[in-house]
Each structure stands twice: as structure tokens, then as C-alpha cells.
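Text of data_10.cif, listed as mmCIF, C-alpha atoms:
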```
data_start
loop_
_atom_site.label_atom_id
_atom_site.label_comp_id
_atom_site.auth_asym_id
_atom_site.auth_seq_id
_atom_site.Cartn_x
_atom_site.Cartn_y
_atom_site.Cartn_z
CA MET A 1 0.00 0.00 0.00
CA GLU A 2 1.14 3.53 -0.77
CA LYS A 3 2.26 5.39 2.31
CA VAL A 4 -0.20 8.15 3.27
CA LYS A 5 1.40 11.59 3.34
CA ASN A 6 1.52 13.71 6.47
CA ARG A 7 -1.32 16.20 6.20
CA TRP A 8 0.51 18.77 8.33
CA LEU A 9 3.39 18.74 5.84
CA ILE A 10 0.80 19.23 3.09
CA ALA A 11 -0.38 22.30 5.01
CA ALA A 12 3.21 23.53 5.39
CA SER A 13 3.71 23.18 1.64
CA ALA A 14 0.57 25.22 1.04
CA VAL A 15 1.94 27.92 3.35
CA GLY A 16 5.16 27.95 1.30
CA ILE A 17 3.23 28.65 -1.89
CA HIS A 18 1.07 31.36 -0.34
CA ILE A 19 3.98 33.14 1.37
CA SER A 20 5.66 33.41 -2.04
CA ILE A 21 2.71 34.77 -4.01
CA GLY A 22 1.56 36.88 -1.05
CA SER A 23 4.67 39.01 -1.55
CA VAL A 24 2.46 40.99 -3.95
CA TYR A 25 1.14 42.74 -0.81
CA ALA A 26 4.61 44.27 -0.35
CA TYR A 27 4.25 46.01 -3.71
CA SER A 28 4.23 49.49 -2.17
CA VAL A 29 7.94 49.02 -1.34
CA MET A 30 8.66 49.13 -5.09
CA THR A 31 6.76 52.32 -5.83
CA LEU A 32 9.28 54.98 -4.79
CA PRO A 33 12.40 53.26 -6.24
CA LEU A 34 10.66 52.86 -9.62
CA LYS A 35 9.45 56.47 -9.58
CA GLU A 36 12.94 57.78 -8.80
CA LEU A 37 14.61 55.55 -11.39
CA HIS A 38 12.43 56.20 -14.42
CA GLY A 39 10.14 59.06 -13.40
CA TRP A 40 7.02 56.95 -13.96
CA GLN A 41 3.83 58.36 -12.50
CA LYS A 42 2.73 56.81 -9.20
CA SER A 43 -0.71 56.03 -10.68
CA ASP A 44 0.95 54.13 -13.55
CA ILE A 45 3.13 52.15 -11.15
CA THR A 46 0.21 51.22 -8.89
CA MET A 47 -1.77 50.16 -11.97
CA ALA A 48 0.50 47.11 -12.17
CA PHE A 49 -0.65 46.06 -8.69
CA SER A 50 -4.32 46.60 -9.61
CA LEU A 51 -3.85 44.53 -12.78
CA ALA A 52 -2.16 41.75 -10.79
CA ILE A 53 -5.13 41.54 -8.38
CA LEU A 54 -7.59 41.71 -11.30
CA PHE A 55 -5.86 38.87 -13.15
CA LEU A 56 -5.53 36.92 -9.91
CA GLY A 57 -9.29 36.84 -9.58
CA PHE A 58 -10.12 36.10 -13.19
CA SER A 59 -7.33 33.58 -13.82
CA ALA A 60 -8.42 31.72 -10.67
CA ALA A 61 -11.91 31.54 -12.18
CA PHE A 62 -11.16 30.67 -15.77
CA LEU A 63 -8.22 28.35 -15.09
CA GLY A 64 -9.93 26.67 -12.15
CA ARG A 65 -11.11 23.68 -14.20
CA SER A 66 -7.61 23.14 -15.60
CA VAL A 67 -6.10 23.35 -12.11
CA GLU A 68 -8.57 20.68 -10.89
CA LYS A 69 -7.67 18.38 -13.80
CA MET A 70 -3.90 18.86 -13.49
CA GLY A 71 -3.85 18.28 -9.77
CA PRO A 72 -2.04 20.37 -7.16
CA ARG A 73 1.48 19.29 -8.04
CA LYS A 74 1.38 20.23 -11.72
CA SER A 75 -0.65 23.38 -11.13
CA GLY A 76 1.85 24.42 -8.44
CA ARG A 77 4.64 24.12 -11.00
CA LEU A 78 2.59 26.15 -13.46
CA ALA A 79 2.11 28.86 -10.82
CA ALA A 80 5.89 28.87 -10.17
CA ILE A 81 6.60 29.39 -13.87
CA PHE A 82 4.05 32.16 -14.42
CA TYR A 83 4.79 34.10 -11.24
CA SER A 84 8.58 33.91 -11.48
CA CYS A 85 8.49 34.78 -15.21
CA GLY A 86 6.24 37.74 -14.39
CA ILE A 87 8.68 39.01 -11.75
CA MET A 88 11.78 38.44 -13.90
CA GLY A 89 10.04 39.98 -16.90
CA SER A 90 9.34 43.01 -14.72
CA GLY A 91 13.09 43.20 -14.07
CA LEU A 92 13.73 43.25 -17.82
CA ALA A 93 11.14 46.01 -18.21
CA VAL A 94 12.84 48.04 -15.49
CA LYS A 95 16.24 47.55 -17.13
CA ILE A 96 15.07 48.88 -20.51
CA GLY A 97 12.67 51.43 -19.00
CA SER A 98 9.48 50.08 -20.59
CA LEU A 99 6.32 50.79 -18.56
CA PRO A 100 3.98 48.82 -20.91
CA LEU A 101 6.22 45.74 -20.59
CA PHE A 102 6.25 46.20 -16.80
CA LEU A 103 2.43 46.30 -16.70
CA LEU A 104 2.27 43.20 -18.93
CA CYS A 105 4.79 41.17 -16.93
CA TYR A 106 3.89 42.13 -13.38
CA GLY A 107 0.17 42.74 -13.86
CA VAL A 108 -0.86 40.13 -16.42
CA ILE A 109 1.70 37.30 -16.38
CA GLY A 110 2.43 37.63 -12.67
CA GLY A 111 -1.29 38.00 -11.96
CA ILE A 112 -2.03 34.70 -13.71
CA GLY A 113 0.63 33.05 -11.57
CA LEU A 114 -1.02 34.56 -8.48
CA GLY A 115 -4.43 33.16 -9.41
CA VAL A 116 -3.18 29.64 -10.15
CA GLY A 117 -0.98 29.59 -7.06
CA TYR A 118 -3.74 30.89 -4.80
CA ILE A 119 -6.27 28.14 -5.57
CA THR A 120 -3.76 25.29 -6.09
CA PRO A 121 -3.46 24.11 -2.46
CA VAL A 122 -6.88 25.08 -1.14
CA SER A 123 -9.17 22.32 -2.40
CA THR A 124 -6.47 19.76 -1.56
CA LEU A 125 -6.19 21.03 2.01
CA VAL A 126 -9.96 20.87 2.48
CA LYS A 127 -9.86 17.17 1.54
CA TRP A 128 -7.01 16.49 3.98
CA PHE A 129 -8.76 18.31 6.85
CA PRO A 130 -12.47 17.40 6.68
CA ASP A 131 -12.53 17.66 10.47
CA ARG A 132 -10.92 21.13 10.68
CA ARG A 133 -11.45 22.86 7.37
CA GLY A 134 -11.25 26.35 8.76
CA LEU A 135 -7.91 25.73 10.46
CA ALA A 136 -6.44 24.16 7.32
CA THR A 137 -7.41 26.88 4.88
CA GLY A 138 -6.59 29.51 7.50
CA MET A 139 -3.02 28.21 7.77
CA ALA A 140 -2.43 28.40 4.02
CA ILE A 141 -4.08 31.76 3.42
CA MET A 142 -2.41 33.11 6.56
CA GLY A 143 0.83 32.82 4.60
CA PHE A 144 -0.56 35.18 1.98
CA GLY A 145 -1.35 37.76 4.65
CA PHE A 146 1.99 37.49 6.45
CA ALA A 147 4.10 37.58 3.27
CA ALA A 148 4.35 41.38 3.19
CA MET A 149 5.93 41.33 6.65
CA ILE A 150 8.55 38.87 5.43
CA PHE A 151 9.36 40.11 1.94
CA GLY A 152 8.73 43.84 2.47
CA PRO A 153 11.89 44.44 4.56
CA ILE A 154 13.88 42.07 2.32
CA MET A 155 12.86 44.04 -0.80
CA ALA A 156 13.60 47.37 0.86
CA LYS A 157 17.10 46.18 1.82
CA LEU A 158 17.82 44.72 -1.63
CA PHE A 159 16.79 47.94 -3.37
CA LEU A 160 19.48 49.74 -1.34
CA VAL A 161 22.34 47.38 -2.21
CA MET A 162 21.53 46.19 -5.76
CA ASP A 163 20.37 47.56 -9.09
CA ILE A 164 16.56 47.49 -9.14
CA TRP A 165 16.30 45.23 -12.18
CA LYS A 166 18.65 42.70 -10.53
CA VAL A 167 16.40 42.62 -7.45
CA TYR A 168 13.49 41.46 -9.62
CA PHE A 169 15.56 38.64 -11.12
CA LEU A 170 16.73 37.53 -7.68
CA LEU A 171 13.19 37.63 -6.25
CA GLY A 172 11.86 35.74 -9.27
CA ALA A 173 14.40 32.96 -8.68
CA ILE A 174 13.55 32.80 -4.96
CA TYR A 175 9.81 32.62 -5.66
CA PHE A 176 10.30 29.91 -8.26
CA CYS A 177 12.30 27.73 -5.86
CA LEU A 178 9.79 28.21 -3.01
CA ILE A 179 6.66 27.55 -5.08
CA PHE A 180 8.13 24.71 -7.15
CA GLY A 181 9.68 23.06 -4.09
CA SER A 182 6.49 23.37 -2.05
CA SER A 183 4.39 21.88 -4.84
CA LEU A 184 6.47 18.67 -4.90
CA TYR A 185 4.86 17.32 -1.72
CA ILE A 186 1.27 18.43 -2.30
CA ALA A 187 -1.10 15.66 -3.36
CA PRO A 188 -4.75 14.77 -2.67
CA PRO A 189 -5.49 12.11 -0.03
CA PRO A 190 -6.23 8.53 -1.10
CA ALA A 191 -9.86 7.78 -1.99
CA GLY A 192 -11.95 7.28 1.13
CA TRP A 193 -9.24 8.56 3.47
CA LEU A 194 -10.37 9.96 6.82
CA PRO A 195 -8.36 11.39 9.74
CA PRO A 196 -7.52 8.94 12.55
CA GLY A 197 -10.41 8.52 14.94
CA TYR A 198 -13.05 9.54 12.43
CA SER A 199 -15.72 7.62 10.57
CA ALA A 200 -17.94 8.45 7.60
CA ALA A 201 -20.97 6.93 9.36
CA ALA A 202 -22.32 7.03 12.89
CA SER A 203 -22.56 3.23 13.06
CA GLU A 204 -18.96 2.78 14.22
CA SER A 205 -19.02 3.27 17.97
CA GLY A 206 -16.31 5.29 19.65
CA ARG A 207 -15.38 7.20 16.50
CA LYS A 208 -16.22 10.77 15.56
CA VAL A 209 -18.32 11.40 12.48
CA ILE A 210 -17.30 13.78 9.72
CA LYS A 211 -20.04 16.33 9.18
CA LYS A 212 -21.55 15.89 5.73
CA ASP A 213 -21.47 18.70 3.19
CA LEU A 214 -24.78 20.19 2.16
CA ALA A 215 -24.30 18.84 -1.38
CA GLN A 216 -21.64 17.70 -3.85
CA LEU A 217 -22.06 20.07 -6.81
CA THR A 218 -20.15 20.78 -9.99
CA VAL A 219 -19.30 24.37 -10.78
CA ALA A 220 -22.15 24.52 -13.32
CA GLU A 221 -24.60 23.37 -10.66
CA ALA A 222 -23.17 25.79 -8.07
CA LEU A 223 -23.57 28.70 -10.47
CA ARG A 224 -27.30 27.98 -10.63
CA THR A 225 -27.77 28.40 -6.85
CA ARG A 226 -28.57 31.55 -4.87
CA ARG A 227 -25.92 30.56 -2.37
CA PHE A 228 -23.12 31.18 -4.86
CA TYR A 229 -24.20 34.75 -5.59
CA CYS A 230 -24.88 35.57 -1.94
CA MET A 231 -21.35 34.47 -1.16
CA TRP A 232 -19.95 36.52 -4.05
CA VAL A 233 -21.69 39.69 -2.81
CA MET A 234 -20.51 39.11 0.76
CA LEU A 235 -16.93 38.57 -0.38
CA PHE A 236 -16.98 41.55 -2.76
CA ILE A 237 -18.18 43.96 -0.07
CA ASN A 238 -15.78 42.65 2.58
CA ILE A 239 -12.81 43.03 0.23
CA THR A 240 -13.93 46.37 -1.21
CA CYS A 241 -14.15 47.96 2.22
CA GLY A 242 -10.96 46.35 3.54
CA ILE A 243 -8.73 47.00 0.54
CA ALA A 244 -9.97 50.59 0.31
CA LEU A 245 -8.99 51.16 3.93
CA ILE A 246 -5.58 49.57 3.31
CA SER A 247 -4.98 51.89 0.36
CA VAL A 248 -5.42 55.07 2.45
CA ALA A 249 -4.46 53.88 5.94
CA SER A 250 -1.18 55.81 6.19
CA PRO A 251 -2.35 59.24 4.94
CA MET A 252 -5.63 58.86 6.81
CA ALA A 253 -3.82 58.18 10.09
CA GLN A 254 -1.64 61.26 9.57
CA GLU A 255 -4.45 63.59 8.56
CA VAL A 256 -7.21 62.42 10.92
CA VAL A 257 -5.43 61.61 14.20
CA GLY A 258 -2.07 63.28 13.64
CA LEU A 259 0.31 60.33 13.49
CA SER A 260 3.78 61.11 12.19
CA PRO A 261 4.91 59.48 8.91
CA MET A 262 7.07 57.01 10.87
CA GLN A 263 4.22 56.15 13.24
CA ALA A 264 1.87 55.66 10.30
CA ALA A 265 4.45 53.40 8.62
CA ALA A 266 4.70 51.32 11.80
CA MET A 267 0.91 51.05 11.88
CA VAL A 268 0.90 49.79 8.27
CA GLY A 269 3.43 47.12 9.23
CA LEU A 270 1.25 45.99 12.14
CA MET A 271 -1.74 45.88 9.78
CA GLY A 272 -0.01 43.01 7.99
CA LEU A 273 0.31 41.17 11.29
CA PHE A 274 -3.41 41.52 12.06
CA ASN A 275 -4.35 40.70 8.47
CA GLY A 276 -2.41 37.43 8.67
CA GLY A 277 -3.46 36.67 12.24
CA GLY A 278 -7.10 37.22 11.38
CA ARG A 279 -6.83 34.69 8.58
CA ILE A 280 -5.91 31.78 10.80
CA GLY A 281 -7.75 33.04 13.90
CA TRP A 282 -11.16 33.61 12.34
CA ALA A 283 -10.96 30.56 10.07
CA SER A 284 -10.11 28.29 13.02
CA PHE A 285 -12.88 29.88 15.09
CA SER A 286 -15.36 29.18 12.27
CA ASP A 287 -14.89 25.43 12.86
CA TYR A 288 -16.71 25.93 16.16
CA LEU A 289 -18.90 28.98 15.57
CA GLY A 290 -20.07 28.02 12.08
CA ARG A 291 -19.22 29.76 8.81
CA ALA A 292 -22.41 31.82 8.43
CA ARG A 293 -22.21 33.12 12.01
CA THR A 294 -18.54 33.98 11.46
CA TYR A 295 -19.42 36.13 8.44
CA MET A 296 -22.19 37.76 10.44
CA ALA A 297 -19.58 38.62 13.07
CA PHE A 298 -17.33 40.12 10.37
CA PHE A 299 -20.00 42.50 9.17
CA ILE A 300 -21.43 43.47 12.57
CA ILE A 301 -17.97 44.28 13.91
CA GLN A 302 -17.00 46.25 10.80
CA VAL A 303 -20.20 48.32 10.68
CA PHE A 304 -19.52 49.59 14.20
CA ALA A 305 -15.78 49.98 13.51
CA PHE A 306 -16.27 52.05 10.34
CA LEU A 307 -18.82 54.26 12.09
CA ALA A 308 -16.51 54.69 15.07
CA LEU A 309 -13.68 55.75 12.75
CA THR A 310 -15.75 58.78 11.70
CA LYS A 311 -15.81 60.05 15.31
CA THR A 312 -12.52 59.11 16.90
CA THR A 313 -9.62 61.51 17.29
CA ASN A 314 -7.64 59.27 19.67
CA PRO A 315 -4.60 57.78 17.88
CA LEU A 316 -4.57 54.54 19.91
CA PHE A 317 -8.30 53.90 19.49
CA PHE A 318 -8.03 54.74 15.78
CA GLN A 319 -5.30 52.15 15.28
CA CYS A 320 -7.19 49.51 17.28
CA LEU A 321 -10.22 49.99 15.02
CA ILE A 322 -8.04 49.64 11.91
CA PHE A 323 -6.47 46.44 13.26
CA ILE A 324 -9.89 44.94 14.10
CA ILE A 325 -11.14 45.66 10.58
CA LEU A 326 -8.01 44.05 9.11
CA THR A 327 -8.64 40.82 11.06
CA CYS A 328 -12.12 40.64 9.51
CA TYR A 329 -10.71 41.45 6.08
CA GLY A 330 -8.20 38.60 6.32
CA GLY A 331 -10.71 36.25 7.95
CA GLY A 332 -13.08 36.68 5.02
CA PHE A 333 -10.49 35.19 2.66
CA SER A 334 -9.52 32.25 4.84
CA THR A 335 -13.04 31.26 5.92
CA LEU A 336 -14.29 31.32 2.31
CA PRO A 337 -12.89 27.95 1.06
CA ALA A 338 -14.20 26.09 4.11
CA PHE A 339 -17.62 27.75 3.71
CA LEU A 340 -17.72 26.81 0.01
CA GLY A 341 -16.78 23.23 0.88
CA ASP A 342 -19.64 23.07 3.40
CA MET A 343 -22.14 24.37 0.82
CA PHE A 344 -20.96 22.82 -2.44
CA GLY A 345 -18.73 19.90 -1.44
CA THR A 346 -15.23 19.14 -2.68
CA LYS A 347 -16.01 17.73 -6.14
CA GLN A 348 -14.96 20.93 -7.94
CA LEU A 349 -14.12 23.16 -4.99
CA GLY A 350 -11.05 24.70 -6.61
CA THR A 351 -13.04 25.85 -9.63
CA ILE A 352 -15.91 27.20 -7.52
CA HIS A 353 -13.41 29.00 -5.30
CA GLY A 354 -11.83 30.49 -8.41
CA TYR A 355 -15.14 31.87 -9.66
CA GLU A 356 -15.82 33.43 -6.26
CA LEU A 357 -12.42 35.14 -6.38
CA THR A 358 -13.56 37.28 -9.31
CA ALA A 359 -15.05 39.36 -6.49
CA TRP A 360 -11.49 40.02 -5.31
CA GLY A 361 -10.36 41.11 -8.77
CA LEU A 362 -13.19 43.63 -9.10
CA ALA A 363 -12.98 44.81 -5.50
CA GLY A 364 -9.29 45.58 -5.98
CA MET A 365 -10.29 48.10 -8.65
CA VAL A 366 -13.51 49.41 -7.05
CA GLY A 367 -12.47 49.93 -3.40
CA PRO A 368 -9.51 52.30 -3.88
CA SER A 369 -11.40 54.10 -6.66
CA ILE A 370 -14.34 54.89 -4.35
CA VAL A 371 -12.00 56.24 -1.67
CA THR A 372 -10.10 58.55 -4.00
CA ARG A 373 -13.17 59.85 -5.82
CA VAL A 374 -15.20 60.56 -2.67
CA LEU A 375 -12.16 62.10 -0.99
CA GLU A 376 -11.57 64.39 -3.97
CA ALA A 377 -15.26 65.39 -4.01
CA THR A 378 -15.72 65.97 -0.27
CA GLY A 379 -12.23 66.52 1.12
CA SER A 380 -13.12 64.24 4.05
CA TYR A 381 -12.70 60.56 4.87
CA SER A 382 -15.96 60.48 6.84
CA ALA A 383 -18.23 60.31 3.78
CA THR A 384 -16.33 57.27 2.50
CA LEU A 385 -16.53 55.56 5.89
CA TYR A 386 -20.31 56.09 6.02
CA ILE A 387 -20.64 54.64 2.50
CA PHE A 388 -18.69 51.54 3.49
CA ALA A 389 -20.73 51.14 6.69
CA GLY A 390 -23.82 51.10 4.46
CA PHE A 391 -22.25 48.47 2.18
CA LEU A 392 -21.40 46.29 5.18
CA THR A 393 -24.94 46.59 6.55
CA PHE A 394 -26.23 45.31 3.22
CA ALA A 395 -23.70 42.44 3.33
CA LEU A 396 -24.96 41.54 6.82
CA ALA A 397 -28.52 41.31 5.45
CA VAL A 398 -27.28 39.05 2.64
CA THR A 399 -25.56 36.82 5.20
CA PHE A 400 -28.79 36.44 7.17
CA PHE A 401 -30.58 35.52 3.93
CA LEU A 402 -27.89 32.95 3.09
CA ALA A 403 -28.06 31.39 6.56
CA HIS A 404 -31.85 31.10 6.22
CA ASP A 405 -31.49 29.54 2.76
CA LEU A 406 -28.98 27.00 4.11
CA ARG A 407 -31.35 25.99 6.93
CA LEU A 408 -34.15 25.41 4.42
CA LYS A 409 -31.88 23.34 2.18
CA ARG A 410 -30.69 21.18 5.07
CA GLN A 411 -34.29 20.55 6.12
CA PHE A 412 -35.21 19.67 2.53
CA TYR A 413 -32.32 17.21 2.15
CA ALA A 414 -33.08 15.67 5.54
CA GLN A 415 -36.72 15.10 4.55
CA GLN A 416 -35.57 13.59 1.25
CA ALA A 417 -33.23 11.21 3.05
CA ALA A 418 -35.96 10.19 5.48
CA GLN A 419 -38.38 9.45 2.62
CA GLU A 420 -35.77 7.37 0.79
CA ALA A 421 -35.00 5.43 3.97
CA SER A 422 -38.65 4.64 4.55
#
```

Please, can you express the file's structure as C-alpha cells?
Amino acid sequence: MEKVKNRWLIAASAVGIHISIGSVYAYSVMTLPLKELHGWQKSDITMAFSLAILFLGFSAAFLGRSVEKMGPRKSGRLAAIFYSCGIMGSGLAVKIGSLPLFLLCYGVIGGIGLGVGYITPVSTLVKWFPDRRGLATGMAIMGFGFAAMIFGPIMAKLFLVMDIWKVYFLLGAIYFCLIFGSSLYIAPPPAGWLPPGYSAAASESGRKVIKKDLAQLTVAEALRTRRFYCMWVMLFINITCGIALISVASPMAQEVVGLSPMQAAAMVGLMGLFNGGGRIGWASFSDYLGRARTYMAFFIIQVFAFLALTKTTNPLFFQCLIFIILTCYGGGFSTLPAFLGDMFGTKQLGTIHGYELTAWGLAGMVGPSIVTRVLEATGSYSATLYIFAGFLTFALAVTFFLAHDLRLKRQFYAQQAAQEAS
């Protein structure tokens, strides 16, 4: 018999992939060096980041079926090739001073690598951890949140001691080795595998029972359900509000509560810590609280936090509110795969997850745009914060509707099973 892999090493491999691609969150470190080197406009430089997030979402959706067919090992290698080529291609663009080539390499090619790499380990982890789905996906996606804390200082140091284009080639090589190496161990569990001490049926005494998924649906079947679109709206609003706040956190802290530039920079660094910590904390908590209740908690907390931000002038309280919002922002990402597995099963979870991530791609464009436009029109952050509080209230209503729909579906399937048994 083939030896069963260690599922905790599978999780560690997933973390390796996500730490590598999550370095995209350290993108702001590149902005000033590129501006000083070539005189590119800041808006043009940040467009590469927006394109990368956009292509992350849409490549995860449209390549999801291929990733499912290839399996996690081959798709991990594909992610390594695309992401490292995107980063190295960006280095070539920097060397010759071509902004269009930079946008193509970092935004499009690198973005495709991000999308493939993001969904590669998730559906596999869900299958290895049917007993603790939230913890498993939280561990992997935690890596994405913590990556900026790891690679941000490394990038900043490298830009001081090396030519900028050489830094991109070095980073591309590092990312390739990390992603490719991590993908070598990832594989789905054997058919019918269950964690020690667990049983698929309640008939075996003394063994815990794995909770059954609501249904086992293909992506085509999932797309015909209300649950899919409720989840998309919830994810879109959570990301739109969170990523918008991230985009203006430093200037907002300086202008609203009077933090110095260095204090604001320290706050931004801590935001990465709470973003990553929220990913594993909330996702693990959802194993006990339930996914729908966890999302309700996200939106209730954020509504009050965004409203409180409009009133506070205390620097410490302001930062605490920002950190709380960031935990909910990160938790929304990490709880999502487990929630999708509960609702749609694991048959085509990677593809379904990919389609849901189109919300991320659009939110990455919409959130910062709303902030800048409202700020230019009103000259105040308060109007934007009220708008986002309204969005989050709507998302909370959608979550209540989804929870009600799930209860009705469970009752329906239970009645069906009872009728078949009789």
C-alpha cells in the first residue's frame, strides 16, 4: 500500500506557496524606487498592482477547471513558472525602462501566476482536513497575509544594495524555488481517506463522524444556486471595504489623528500582522462557531468599527479599530474555502473558489477608486466611511438571507433522506 502523506506537511507546503505569491502585498515598497529611477507616475506604477489583483481573480476563475484536472502538483509548478516569469520579466522592463512591458509582466503574467498559485493548495487542504477545514485553509491563506511582513523588509534592503532590475531577477528565482519546491509534496489524499479517529458513518461506535457537506455540486450546478451569488456579494463587499482602507491607511492616520509618517508606517506594518493573524484566527474559530455566524460577526464588527472611525480623534483607538477591521478582512479570505466546501462539497471546490475570487479582482479596482473619488469630491474621509458602513450593513442582510437559505436546504435534504429510507 502507498504510504499516506503527512497532512501537516501538506499544510506547510501550502503555506510555502502562499507566502511566495503573497509578496504581492509588499508592492508598495517598489513604488518609490521605480518612480525615482524612471520618473514613472505613481498612478501608472500602482496600476501594475491593480492589474495583478484583477488577473488573480479572473485567472483563478477561468483556469480553475484546468487546475482541478492537473492536480495540485502540476498546477503548483505552473504557478511557479508564471509568477517567477512575471517578476523576472518586470526586471527586464525596469532595465530597458518600458512601462507597458512592466504592466504586462507584473500585472498580467504575474497576476495569472497569483491566481493559479492561490487556488492550487486550497481544495487539496480541504480534503485532507475534513474535520478542521477552517484551520487548514486559514493556515495556508495566513501565509498570503503574512508575506508582506517577510518580503517587504527584504525588498527594501535589496533595493538599497543592488540595481533594481537585478532585485526582480533575484526575487523571481527565490519565488520559483519556493513555489516549485512546495508543490512537490502536495497531493490529494487517497480515496476514502479519513483522519484517525473519524468515521464516515455514525454506526462505528467510539469514532467521531465527519459532518456531511450540504451537497456535492459541480461548478455549473453551483452557479445555478442563490448561495453562490450571496457568497460573491458578501466577499466583494468585505474586500472592497478592507482593501480601500488599506490603500489610504497611512495618509488617513496622519491627517485624521495626527500620526507622524514614521508612526503611520509602523501602523501599516502591524496591519499586515493583524491581516495574517485574522486569517488563521477567524478561520479556526469558524470550525466551532459556524461559517455563516462567522461572516455575520465580520460585518457586525466592521459596521460599528467604520462608524466609530468617523468620530474618533484618539490615535490609539483609531489604530485599534483599523487592526480589528483588518482581522475581519483577512478572515473573510480564509473562511471562504471552508464555507464553500460546506455548501458545495469538494467535487470541484477549486473551480468554484476560483469563480468566487472574481469578487477580489473587481474589489481591488472598485475599493480604492471609491475612496479617491469621494475624498476628492468631499475633502473628508468620513463620507467614504459612512458609505462603506452602508455596504457592510447590506452584506450583513445578505448573510442572514444565506443562513436562512442553508437551513431550508438542510431541512429539505433531511426530509428527502428520510423518505428514501422509509

Ranking A:Leu270, A:Leu289, A:Leu114, A:Ala383 by minimum distance to Ala79 in chain A and counting all atoms listed in the file, which one comes first? A:Leu114

Output of the PyMOL selection byres ((chain A and resi 287) around 12), listed as a ChimeraX atom specification: /A:129-138,211,280-286,288-294,334-335,338-339,342

Evaluate the PyMOL selection byres ((chain A and resi 186) around 7) and record the selected residues as number ranges by chain, following the chain and residue labels used in the document. A: 10, 13, 72-73, 183-185, 187

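With the shown file loaded, the PyMOL selection byres ((chain A and resi 302) around 10) picks out Asn238, Cys241, Gly242, Met296, Ala297, Phe298, Phe299, Ile300, Ile301, Val303, Phe304, Ala305, Phe306, Leu307, Ala308, Leu321, Ile322, Ile324, Ile325, Leu326, Thr327, Cys328, Tyr329, Phe388, Ala389, Leu392 and Thr393 of chain A.
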
Just how far from CA of Gly330 in chain A is CA of Phe274 in chain A, in Å to one decimal? 8.0 Å

Shell around Cys230 in chain A at 12 Å using only C-alpha atoms, local window under 5 positions removed, as number ranges by chain: A: 222-225, 235-237, 292, 295, 340, 343, 356, 359, 394-406

Would you put the residues from that selection into a file with C-alpha atoms, as a short mmCIF file (atom, residue, chain, number, x, y, z; two decimals), in the coordinates of the input?
```
data_model
loop_
_atom_site.label_atom_id
_atom_site.label_comp_id
_atom_site.auth_asym_id
_atom_site.auth_seq_id
_atom_site.Cartn_x
_atom_site.Cartn_y
_atom_site.Cartn_z
CA ALA A 222 -23.17 25.79 -8.07
CA LEU A 223 -23.57 28.70 -10.47
CA ARG A 224 -27.30 27.98 -10.63
CA THR A 225 -27.77 28.40 -6.85
CA LEU A 235 -16.93 38.57 -0.38
CA PHE A 236 -16.98 41.55 -2.76
CA ILE A 237 -18.18 43.96 -0.07
CA ALA A 292 -22.41 31.82 8.43
CA TYR A 295 -19.42 36.13 8.44
CA LEU A 340 -17.72 26.81 0.01
CA MET A 343 -22.14 24.37 0.82
CA GLU A 356 -15.82 33.43 -6.26
CA ALA A 359 -15.05 39.36 -6.49
CA PHE A 394 -26.23 45.31 3.22
CA ALA A 395 -23.70 42.44 3.33
CA LEU A 396 -24.96 41.54 6.82
CA ALA A 397 -28.52 41.31 5.45
CA VAL A 398 -27.28 39.05 2.64
CA THR A 399 -25.56 36.82 5.20
CA PHE A 400 -28.79 36.44 7.17
CA PHE A 401 -30.58 35.52 3.93
CA LEU A 402 -27.89 32.95 3.09
CA ALA A 403 -28.06 31.39 6.56
CA HIS A 404 -31.85 31.10 6.22
CA ASP A 405 -31.49 29.54 2.76
CA LEU A 406 -28.98 27.00 4.11
#
```

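Taking CA of Gly278 in chain A as the reference point, CA of Phe176 in chain A is found at 27.2 Å.
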
Sel. within 6 Å of pt (3.0, 28.2, 5.5), counting only C-alpha atoms, output as a PyMOL selection string: chain A and resi 12+14-16+140+143

Just the selected residues (C-alpha atoms), exported as an mmCIF file, in the frame of the given file, please.
```
data_model
loop_
_atom_site.group_PDB
_atom_site.id
_atom_site.type_symbol
_atom_site.label_atom_id
_atom_site.label_comp_id
_atom_site.auth_asym_id
_atom_site.auth_seq_id
_atom_site.Cartn_x
_atom_site.Cartn_y
_atom_site.Cartn_z
ATOM 1 C CA ALA A 12 3.210 23.530 5.390
ATOM 2 C CA ALA A 14 0.570 25.220 1.040
ATOM 3 C CA VAL A 15 1.940 27.920 3.350
ATOM 4 C CA GLY A 16 5.160 27.950 1.300
ATOM 5 C CA ALA A 140 -2.430 28.400 4.020
ATOM 6 C CA GLY A 143 0.830 32.820 4.600
#
```

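If you look at CA of Phe58 in chain A and CA of Ile154 in chain A, they are 29.2 Å away from each other.
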
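For the residues A:Lys5, A:Arg77, A:Arg373, A:Lys42, ranking by smallest atom-to-atom distance to Cys177 in chain A using all atoms listed in the file places A:Arg77 first.
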